[in-house]
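Here the structure comes first, spelled out in structure tokens, and everything after it is commentary.
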Amino acid sequence: MFASRAMISIGMILIGVQFLLKENWAETIKIYVKDKVLFLLSFIFFVYFFGIIYSENMEEFWRKLVMKLPLLFMPLGFAALKEMSKKYFHHVLYAFVILSFITAAISVGIFIIDYSAIIESYKYAKVTPNIFNINHIRFSIMLVLAIFSAGYLIKENYFLVSKYEKYALIFMAVFIFTFLHILSVRSGLLAFYATCFVITIASMFIYKKYLIGTAVLLLIIIMPILAYFTIPTIQNKINYMALDISRFLKGEDVNHWSDGNRLLSLKIGLKVGTSNPIVGVGVGDVFDEMCYYYKKNHPEVLEKFRLIPHNQFLYVFAASGVIGLILFLYVSFFPFFLSITYRSIVFLALLVSILSSYISEATLENQLGVCLFITFYLIGWHCKPESKTEQL
């Protein structure tokens, strides 16, 4: 995830191969079908697959479909790993936290060395660079997942050598939390505070600690406000956003303006979707249709700034219509109707983080977004409590 697109593909393929290595395929399929969370997850793949019927740009269709293949075969791979000890997955989460910490620490070093220039760059929608050049939105989601993964490991009293390692985990979580605010990517901050909000609400009902829960909720509301007045990067980012949106509402040029450009992509994406609202225009044709609307109604927008809809739900609507969107929404929100979800911190953090990112990004329309979603979805689900008596 951090340094190699090739290794992302290889890793996801190897997880899927676990199904083929299992001697009793029928038993694995039985486990897979019986587990509704794993089984329904694969339906996201079929939302895209059925676009073959009416997609004209088949090259783009197959590119999109291949990108979604992990949503089909990785749940089968994890069904084959059902009996594997949670400790193995704890190792994976531990490594992820350490890599996130190292990447954040190097970014903080870059930030300190070039403090004035980077602070100024936030006035123009730039962010603190990271050593692996990971897209800043995906990077911020990774940081959020690292924070809650560290919290989960601390709760599990996980350590490799000494019980004092939990203090190292606490330090890394606090450091990443601090850097998340320095980075000031809105998707990441929204994901973090939304996750905190949901976990707090769930904890209030599980432990009946309503007074403490209310105090924490107030803190969650107050902290972003305090961050705006105390952290220059956040302040510059919010001020830029206000200016950008104001320009968009006035009908001014969106070239080189990130928020205005995204808002325009939403406006055009809605037009594309409503042009064929029942089944959509086809997964392979979304960008082609977007470009057609850009050329027809907004020819002033340069080609490099013509985007797919920057909202995952709107993208699915444009590609697959109301039918595909209803199925996508059902699969996406189904886990929230299971009580066990609120007792699994990693799984809940992933769900809230990814769903909140859907608001401003078509998260599943790139390789790293798919990898983050499916990997932490499956790890989080595998590490869920075995019974209702286990603690959150």
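Identifiers in this document derive from the order of the structure tokens: chains are assigned A, B, ..., residues are numbered from 1 separately in each chain, and ligands are numbered from 1 in order of occurrence.
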
Neighbour list for stretch 168-174 of chain A as a count of residues only, cut-off 12 Å, only C-alpha atoms, skip fewer than 2 positions in-chain
42

Leaving out A:Val47 and any residue of its chain fewer than 5 positions from it, which residues lie within 12 Å of it when counting only C-alpha atoms, given as an MDAnalysis selection string?
chainID A and resid 40:42 52:53 64:65 68:69 71:72 279:280 282:283 315:331

Would you please extract all alpha helix (DSSP H) residues from stretch 125-251 of chain A, as assigned by DSSP on the backbone, and give them as number ranges by chain?
A: 136-155, 165-183, 186-207, 210-230, 232-249

Extract, using only C-alpha atoms, all DNA, RNA and protein residues at most 10 Å from A:His256, discarding same-chain residues fewer than 6 positions from it, and format them as a ChimeraX atom specification.
/A:124-125,301-302,304-305

Exercise: A:Ile118 partners within 10 Å, only C-alpha atoms, chain neighbours under 5 positions left out, as a ChimeraX atom specification
/A:110-113,123,126-129,233

Using atom CA of A:Asn297 and atom CA of A:Leu249 as the two end points, give the distance in Å to one decimal.
16.2 Å

Which of these residues is nearest to A:Phe205, using only C-alpha atoms: A:Phe248, A:Tyr342, A:Tyr32, A:Phe39?
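Going through A:Phe248, A:Tyr342, A:Tyr32, A:Phe39 one by one, the smallest distance to A:Phe205 is for A:Tyr342.
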
Shell around A:Val352 at 8 Å using only C-alpha atoms, local window under 2 positions removed, as a short mmCIF file (atom, residue, chain, number, x, y, z; two decimals) with C-alpha atoms, in the first residue's frame:
```
data_model
loop_
_atom_site.label_atom_id
_atom_site.label_comp_id
_atom_site.auth_asym_id
_atom_site.auth_seq_id
_atom_site.Cartn_x
_atom_site.Cartn_y
_atom_site.Cartn_z
CA ALA A 191 -13.39 10.15 8.82
CA ALA A 194 -17.16 10.65 12.38
CA THR A 195 -15.66 7.38 13.59
CA VAL A 198 -20.15 6.60 16.05
CA LEU A 348 -16.35 0.01 12.53
CA ALA A 349 -13.51 2.48 11.90
CA LEU A 350 -13.10 1.13 8.37
CA ILE A 354 -14.65 4.65 3.88
CA LEU A 355 -18.32 5.68 3.82
CA SER A 356 -17.43 9.22 4.86
#
```

Determine, using only C-alpha atoms, which residues of stretch 302-347 of chain A have any atom at most 9 Å from an atom of stretch 289-293 of chain A, and tabulate each with its shortest atom pair and distance in Å to one decimal place, rows ordered by chain and then rising number, as CSV.
```
residue,atom,partner,partner_atom,distance
A:Glu303,CA,A:Cys291,CA,8.3
A:Arg306,CA,A:Cys291,CA,6.7
A:Leu307,CA,A:Met290,CA,7.4
A:Ile308,CA,A:Met290,CA,6.6
A:Pro309,CA,A:Met290,CA,8.2
```

Same residues, C-alpha atoms, saved as a CSV table (one decimal), in the first residue's frame:
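Printed below is result.csv as written:
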```csv
chain,number,residue,atom,x,y,z
A,303,GLU,CA,-9.1,18.3,-20.3
A,306,ARG,CA,-12.4,17.0,-16.4
A,307,LEU,CA,-13.2,14.5,-13.6
A,308,ILE,CA,-15.5,11.6,-12.9
A,309,PRO,CA,-18.1,12.4,-10.2
```

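From atom CA of A:Thr200 back to atom CA of A:Ile359, the distance works out to 21.7 Å.
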
Please identify all polymer residues within 10 Å of A:Leu378, counting only C-alpha atoms, omitting same-chain residues fewer than 2 positions from it, and present them as a VMD selection string.
chain A and resid 37 to 38 41 74 to 75 77 to 79 346 to 347 350 373 to 376 380 to 384

Just the selected residues (C-alpha atoms), exported as a PDB file, in the first residue's frame, please.
```pdb
ATOM      1  CA  VAL A  37     -21.122  -9.823   5.430  1.00  0.00           C
ATOM      2  CA  LEU A  38     -18.591 -11.647   3.247  1.00  0.00           C
ATOM      3  CA  LEU A  41     -19.550  -7.757  -0.146  1.00  0.00           C
ATOM      4  CA  MET A  74     -10.662 -11.812  -1.525  1.00  0.00           C
ATOM      5  CA  PRO A  75     -13.777 -12.619   0.563  1.00  0.00           C
ATOM      6  CA  GLY A  77      -9.765 -16.133   0.338  1.00  0.00           C
ATOM      7  CA  PHE A  78     -10.637 -14.901   3.817  1.00  0.00           C
ATOM      8  CA  ALA A  79     -13.351 -17.545   4.140  1.00  0.00           C
ATOM      9  CA  VAL A 346     -11.218  -1.822  13.387  1.00  0.00           C
ATOM     10  CA  PHE A 347     -14.233  -2.919  11.353  1.00  0.00           C
ATOM     11  CA  LEU A 350     -13.105   1.132   8.368  1.00  0.00           C
ATOM     12  CA  PHE A 373     -11.448  -0.929   1.588  1.00  0.00           C
ATOM     13  CA  ILE A 374     -11.334  -4.669   1.025  1.00  0.00           C
ATOM     14  CA  THR A 375      -8.233  -5.363   3.155  1.00  0.00           C
ATOM     15  CA  PHE A 376      -9.390  -3.581   6.299  1.00  0.00           C
ATOM     16  CA  GLY A 380     -11.731  -5.998  10.750  1.00  0.00           C
ATOM     17  CA  TRP A 381     -14.463  -8.578  10.215  1.00  0.00           C
ATOM     18  CA  HIS A 382     -12.077 -11.452  10.957  1.00  0.00           C
ATOM     19  CA  CYS A 383     -10.984  -9.771  14.200  1.00  0.00           C
ATOM     20  CA  LYS A 384     -14.519  -9.105  15.427  1.00  0.00           C
TER      21      LYS A 384
END
```

Gap from atom CA of A:Asn255 to atom CA of A:Tyr122 - Å, one decimal:
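That distance, rounded to one decimal, is 17.4 Å.
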